[in-house]
Amino acid sequence: MTSLREDPCTWLKKVSAEVIREMLLMKRYSQHIMIDCRLGYLFRENLLKLNVESAVEIGAGPGLLTKFIKDAVKHLVAVELDIRFLKFGRELISEEPNIEYLMSDGLKLLNNNAVRTDAVVSNTPYSLTGPLLASIVKSNIPYALLTLQKEVGERLIATPGSKSYGRATVFIQKFMKPEIIDYVSPTAFYPPPKVWSVLVLLKRSRRWCEEDKIFEEFVKCVFNQRRKKALKVVKECVDKLSLKEVGDNMLRDLLGEKRVYEVSVETIDSIIRLASK
């Protein structure tokens with residue numbers, strides 16, 4: 001193994017080569033490790049701009065991204081569930097005093113509010129995208145800097161009426177302000193995924209509270225029929241979730257002839273407030 005004191009890019013090339021050899025021996029392809037220095041520096045630059053004290057990296061793996069972001073915060077918790085990456089994590093904490101390397105389930109830590117931090121950072125495994133986004137929203141952590149599948153990232157910033165606008169859009173935009181920082185080629189990872197990714201920044205705009213569970217359920221209900229007339233679907237979901245009935249005239253004023261996918265986050269929020277009184 002090489003010293004962490006090396007230039008991050010030089011270190012990444014050497015350590016990623018060793019990790020790839022082990023992945024090939026284990027025939028392990030379920031994870032895509034970062035092998036691109038540009039992406040590492042992009043994470044570091046944007047984390048520095050947030051000017052936060054601490055961060056937690058979910059799915060740190062062998063620490064390839066950890067090396068780049070360690071100096072952007074005073075305290076970094078790197079969380080990885082796979083014990084086969086433990087030897088790489090041990091080297092991280094042996095040479096970097098501000099890194100805490102945990103062998104744990106990052107989602108459980110977020111869901112249990114077990115980590116107090118200012119930002120979540122992750123080269124997100126595509127299979128964990130939905131649960132991770134939900135956990136971030138409910139954790140009330142102020143910021144998140146994530147690589148996501150391109151389609152998912154574009155869904156988060158979508159506007160009402162667009163093809164990408166859906167349940168995830170509304171849920172995220174209710175609590176966070178999403179921004180696409182840059183597009184990431186499949187060649188930034190090994191093995192390269194079949195699709196492009198995006199680096200996304202989420203900034204909290206509203207805190208999650210227990211009362212917001214009804215908003216989550218309502219959004220899930222109405223967007224199960226996203227192309228149908230919103231007026232009919234909203235009435236059905238209000239009844240299904242046993243919410244307070246909202247007057248027809250008021251709903252018509254809010255929804256008109258729109259389809260579900262054309263209704264704004266603000267309008268859905270207004271309906272929930274009326275139905276929850």
# chains A, B, ... in the order shown; residues from 1 in each chain; ligands from 1
>>> select_by_dssp(residues="stretch 68-210 of chain A", states="alpha helix (DSSP H)", output="count of residues only")
45
>>> closest_atom_pairs(of="stretch 167-196 of chain A", to="stretch 217-233 of chain A", cutoff="10 Å", atoms="only C-alpha atoms", output="Markdown table")
| residue | atom | partner | partner_atom | distance |
| --- | --- | --- | --- | --- |
| A:Arg167 | CA | A:Phe223 | CA | 5.7 |
| A:Ala168 | CA | A:Val219 | CA | 8.9 |
| A:Val170 | CA | A:Val219 | CA | 7.4 |
| A:Phe171 | CA | A:Val219 | CA | 7.3 |
>>> residues_around(residues="A:Ile58", least_positions_apart="2", cutoff="9 Å", atoms="only C-alpha atoms", output="short mmCIF file (atom, residue, chain, number, x, y, z; two decimals) with C-alpha atoms, in the first residue's frame")
data_model
loop_
_atom_site.label_atom_id
_atom_site.label_comp_id
_atom_site.auth_asym_id
_atom_site.auth_seq_id
_atom_site.Cartn_x
_atom_site.Cartn_y
_atom_site.Cartn_z
CA VAL A 56 -20.26 11.85 6.67
CA ALA A 60 -16.83 5.03 1.52
CA GLY A 61 -15.57 1.70 0.20
CA VAL A 77 -16.83 10.08 9.20
CA ALA A 78 -16.31 7.49 6.45
CA VAL A 79 -18.93 4.72 6.64
CA GLU A 80 -18.67 1.38 4.83
CA ASP A 105 -24.74 0.58 7.56
CA GLY A 106 -24.81 4.25 6.58
CA LEU A 107 -28.56 4.30 5.98
CA VAL A 120 -23.66 13.86 3.52
CA VAL A 121 -21.23 12.90 0.76
CA SER A 122 -21.57 9.79 -1.38
CA ASN A 123 -20.66 8.13 -4.64
CA THR A 124 -24.08 6.58 -4.34
CA LEU A 132 -30.53 7.32 0.65
#
>>> residues_around(residues="A:Tyr126", least_positions_apart="3", cutoff="10 Å", atoms="only C-alpha atoms", output="list in words")
Ser30, Gln31, His32, Asn123, Thr129, Gly130, Leu132, Thr147, Leu148, Gln149, Val152, Pro193 and Ser197 of chain A
>>> select_by_dssp(residues="stretch 20-249 of chain A", states="strand (DSSP E or B)", output="PyMOL selection string")
chain A and resi 33-34+54-58+75-80+99-103+119-123+143-149+176-184+189-190+197-204+229
>>> write_last_selection(atoms="N, CA and C atoms", output="short mmCIF file (atom, residue, chain, number, x, y, z; two decimals), in the first residue's frame")
data_model
loop_
_atom_site.label_atom_id
_atom_site.label_comp_id
_atom_site.auth_asym_id
_atom_site.auth_seq_id
_atom_site.Cartn_x
_atom_site.Cartn_y
_atom_site.Cartn_z
N ILE A 33 -16.25 1.73 -8.23
CA ILE A 33 -15.33 2.57 -7.48
C ILE A 33 -14.85 3.74 -8.34
N MET A 34 -14.57 4.87 -7.69
CA MET A 34 -14.11 6.06 -8.39
C MET A 34 -12.65 5.90 -8.80
N SER A 54 -18.14 19.50 9.38
CA SER A 54 -18.07 18.04 9.37
C SER A 54 -18.89 17.46 8.23
N ALA A 55 -18.56 16.21 7.88
CA ALA A 55 -19.30 15.51 6.84
C ALA A 55 -19.26 14.02 7.12
N VAL A 56 -20.26 13.30 6.60
CA VAL A 56 -20.26 11.85 6.67
C VAL A 56 -20.30 11.33 5.24
N GLU A 57 -19.40 10.40 4.93
CA GLU A 57 -19.37 9.79 3.61
C GLU A 57 -20.02 8.42 3.69
N ILE A 58 -21.13 8.25 2.97
CA ILE A 58 -21.87 7.00 2.98
C ILE A 58 -21.36 6.11 1.84
N HIS A 75 -13.76 17.36 10.43
CA HIS A 75 -14.01 15.98 10.88
C HIS A 75 -14.82 15.25 9.82
N LEU A 76 -14.33 14.09 9.41
CA LEU A 76 -14.98 13.29 8.37
C LEU A 76 -15.22 11.88 8.90
N VAL A 77 -16.48 11.45 8.85
CA VAL A 77 -16.83 10.08 9.20
C VAL A 77 -17.05 9.31 7.90
N ALA A 78 -16.21 8.32 7.64
CA ALA A 78 -16.31 7.49 6.45
C ALA A 78 -16.97 6.17 6.84
N VAL A 79 -18.12 5.88 6.24
CA VAL A 79 -18.93 4.72 6.64
C VAL A 79 -18.97 3.71 5.50
N GLU A 80 -18.64 2.46 5.82
CA GLU A 80 -18.67 1.38 4.83
C GLU A 80 -19.13 0.10 5.49
N ILE A 99 -10.12 11.70 10.26
CA ILE A 99 -11.02 10.72 9.65
C ILE A 99 -11.41 9.65 10.67
N GLU A 100 -12.70 9.40 10.77
CA GLU A 100 -13.22 8.28 11.56
C GLU A 100 -13.83 7.28 10.58
N TYR A 101 -13.30 6.07 10.54
CA TYR A 101 -13.74 5.06 9.58
C TYR A 101 -14.61 4.04 10.31
N LEU A 102 -15.88 3.95 9.91
CA LEU A 102 -16.83 3.06 10.59
C LEU A 102 -17.27 1.93 9.66
N MET A 103 -17.19 0.71 10.14
CA MET A 103 -17.78 -0.42 9.43
C MET A 103 -19.23 -0.52 9.90
N ALA A 119 -23.01 17.67 6.48
CA ALA A 119 -23.19 17.29 5.08
C ALA A 119 -23.04 15.79 4.89
N VAL A 120 -23.80 15.25 3.96
CA VAL A 120 -23.66 13.86 3.52
C VAL A 120 -22.96 13.88 2.17
N VAL A 121 -21.96 13.04 2.02
CA VAL A 121 -21.23 12.90 0.76
C VAL A 121 -21.29 11.44 0.34
N SER A 122 -21.50 11.19 -0.96
CA SER A 122 -21.57 9.79 -1.38
C SER A 122 -21.44 9.63 -2.88
N ASN A 123 -20.58 8.69 -3.30
CA ASN A 123 -20.66 8.13 -4.64
C ASN A 123 -21.71 7.04 -4.55
N TYR A 143 -26.87 19.68 4.14
CA TYR A 143 -26.40 19.56 2.77
C TYR A 143 -26.14 18.10 2.39
N ALA A 144 -26.20 17.83 1.08
CA ALA A 144 -25.77 16.53 0.56
C ALA A 144 -25.12 16.76 -0.79
N LEU A 145 -24.00 16.08 -1.01
CA LEU A 145 -23.26 16.14 -2.27
C LEU A 145 -23.12 14.71 -2.76
N LEU A 146 -23.81 14.39 -3.87
CA LEU A 146 -23.97 13.00 -4.28
C LEU A 146 -23.75 12.82 -5.78
N THR A 147 -23.15 11.69 -6.16
CA THR A 147 -23.24 11.28 -7.56
C THR A 147 -24.44 10.36 -7.68
N LEU A 148 -25.29 10.68 -8.65
CA LEU A 148 -26.51 9.92 -8.90
C LEU A 148 -26.57 9.58 -10.38
N GLN A 149 -27.35 8.56 -10.70
CA GLN A 149 -27.62 8.26 -12.09
C GLN A 149 -28.18 9.51 -12.77
N MET A 176 -35.63 20.19 0.01
CA MET A 176 -34.27 20.51 -0.40
C MET A 176 -34.29 21.29 -1.72
N LYS A 177 -33.25 22.08 -1.94
CA LYS A 177 -33.07 22.75 -3.22
C LYS A 177 -32.00 21.99 -3.99
N PRO A 178 -32.37 21.25 -5.04
CA PRO A 178 -31.39 20.45 -5.77
C PRO A 178 -30.73 21.23 -6.91
N GLU A 179 -29.46 20.93 -7.14
CA GLU A 179 -28.71 21.57 -8.22
C GLU A 179 -27.74 20.56 -8.82
N ILE A 180 -27.72 20.45 -10.14
CA ILE A 180 -26.74 19.61 -10.82
C ILE A 180 -25.45 20.40 -10.99
N ILE A 181 -24.37 19.90 -10.39
CA ILE A 181 -23.07 20.56 -10.45
C ILE A 181 -22.37 20.25 -11.76
N ASP A 182 -22.39 18.98 -12.15
CA ASP A 182 -21.70 18.58 -13.39
C ASP A 182 -22.15 17.17 -13.79
N TYR A 183 -21.87 16.84 -15.04
CA TYR A 183 -22.16 15.51 -15.56
C TYR A 183 -20.89 14.67 -15.50
N VAL A 184 -21.05 13.38 -15.19
CA VAL A 184 -19.92 12.50 -14.93
C VAL A 184 -19.96 11.31 -15.89
N PHE A 189 -15.58 5.64 -13.31
CA PHE A 189 -15.75 4.54 -12.35
C PHE A 189 -15.24 3.22 -12.93
N TYR A 190 -14.94 2.29 -12.02
CA TYR A 190 -14.65 0.92 -12.44
C TYR A 190 -15.50 -0.04 -11.60
N SER A 197 -23.58 9.68 -15.05
CA SER A 197 -23.99 10.11 -13.72
C SER A 197 -23.97 11.63 -13.65
N VAL A 198 -24.46 12.18 -12.54
CA VAL A 198 -24.37 13.62 -12.28
C VAL A 198 -23.94 13.83 -10.84
N LEU A 199 -23.19 14.90 -10.61
CA LEU A 199 -22.89 15.32 -9.25
C LEU A 199 -23.96 16.32 -8.85
N VAL A 200 -24.68 16.00 -7.79
CA VAL A 200 -25.83 16.80 -7.36
C VAL A 200 -25.59 17.38 -5.97
N LEU A 201 -25.94 18.64 -5.81
CA LEU A 201 -25.90 19.29 -4.50
C LEU A 201 -27.32 19.51 -4.02
N LEU A 202 -27.60 19.08 -2.80
CA LEU A 202 -28.90 19.33 -2.17
C LEU A 202 -28.70 20.28 -0.99
N LYS A 203 -29.42 21.38 -0.99
CA LYS A 203 -29.37 22.34 0.12
C LYS A 203 -30.73 22.36 0.80
N ARG A 204 -30.73 22.21 2.11
CA ARG A 204 -32.01 22.13 2.82
C ARG A 204 -32.74 23.47 2.80
N LYS A 229 -56.16 13.06 -14.65
CA LYS A 229 -56.60 14.38 -14.21
C LYS A 229 -56.40 14.51 -12.70
#
>>> residues_around(residues="A:Gly247", least_positions_apart="3", cutoff="10 Å", atoms="only C-alpha atoms", output="ChimeraX atom specification")
/A:235,244,250-252,274-275
>>> write_last_selection(atoms="C-alpha atoms", output="CSV table (one decimal), in the first residue's frame")
chain,number,residue,atom,x,y,z
A,235,LYS,CA,-60.1,13.4,-4.3
A,244,LYS,CA,-60.3,16.2,5.7
A,250,MET,CA,-61.3,25.2,-3.9
A,251,LEU,CA,-59.7,22.1,-5.6
A,252,ARG,CA,-60.8,23.3,-9.0
A,274,LEU,CA,-56.1,22.3,3.7
A,275,ALA,CA,-56.7,18.5,4.1
>>> closest_residue(among="A:Ala72, A:Met23, A:Leu65, A:Ile83", to="A:Leu48", atoms="only C-alpha atoms")
A:Ala72
>>> residues_around(residues="A:Arg155", least_positions_apart="2", cutoff="8 Å", atoms="only C-alpha atoms", output="list in words")
Glu151, Val152, Gly153, Ile157, Ala158, Ser164, Tyr165, Gly166, Ala168 and Thr169 of chain A
>>> write_last_selection(atoms="C-alpha atoms", output="compact mmCIF listing (two decimals), in the first residue's frame")
# COMPACT_ATOMS: atom_id res chain seq x y z
CA GLU A 151 -31.82 10.21 -15.08
CA VAL A 152 -32.38 10.46 -11.32
CA GLY A 153 -30.48 13.73 -10.99
CA ILE A 157 -34.53 19.32 -10.74
CA ALA A 158 -37.50 18.78 -13.07
CA SER A 164 -39.01 13.81 -15.65
CA TYR A 165 -41.34 15.45 -13.11
CA GLY A 166 -42.62 12.90 -10.61
CA ALA A 168 -39.13 12.02 -6.30
CA THR A 169 -39.14 15.58 -7.68
>>> closest_residue(among="A:Phe68, A:Ser185, A:Leu50, A:Arg21", to="A:Asp7", atoms="only C-alpha atoms")
A:Phe68
>>> residues_around(residues="stretch 264-266 of chain A", least_positions_apart="4", cutoff="9 Å", atoms="only C-alpha atoms", output="list in words")
Thr159, Pro160, Gly161, Thr169, Val170, Phe171, Gln173, Lys174, Val260, Ser270 and Ile271 of chain A
>>> atom_distance(atom1="atom CA of A:Thr66", atom2="atom CA of A:Ser135")
21.0 Å
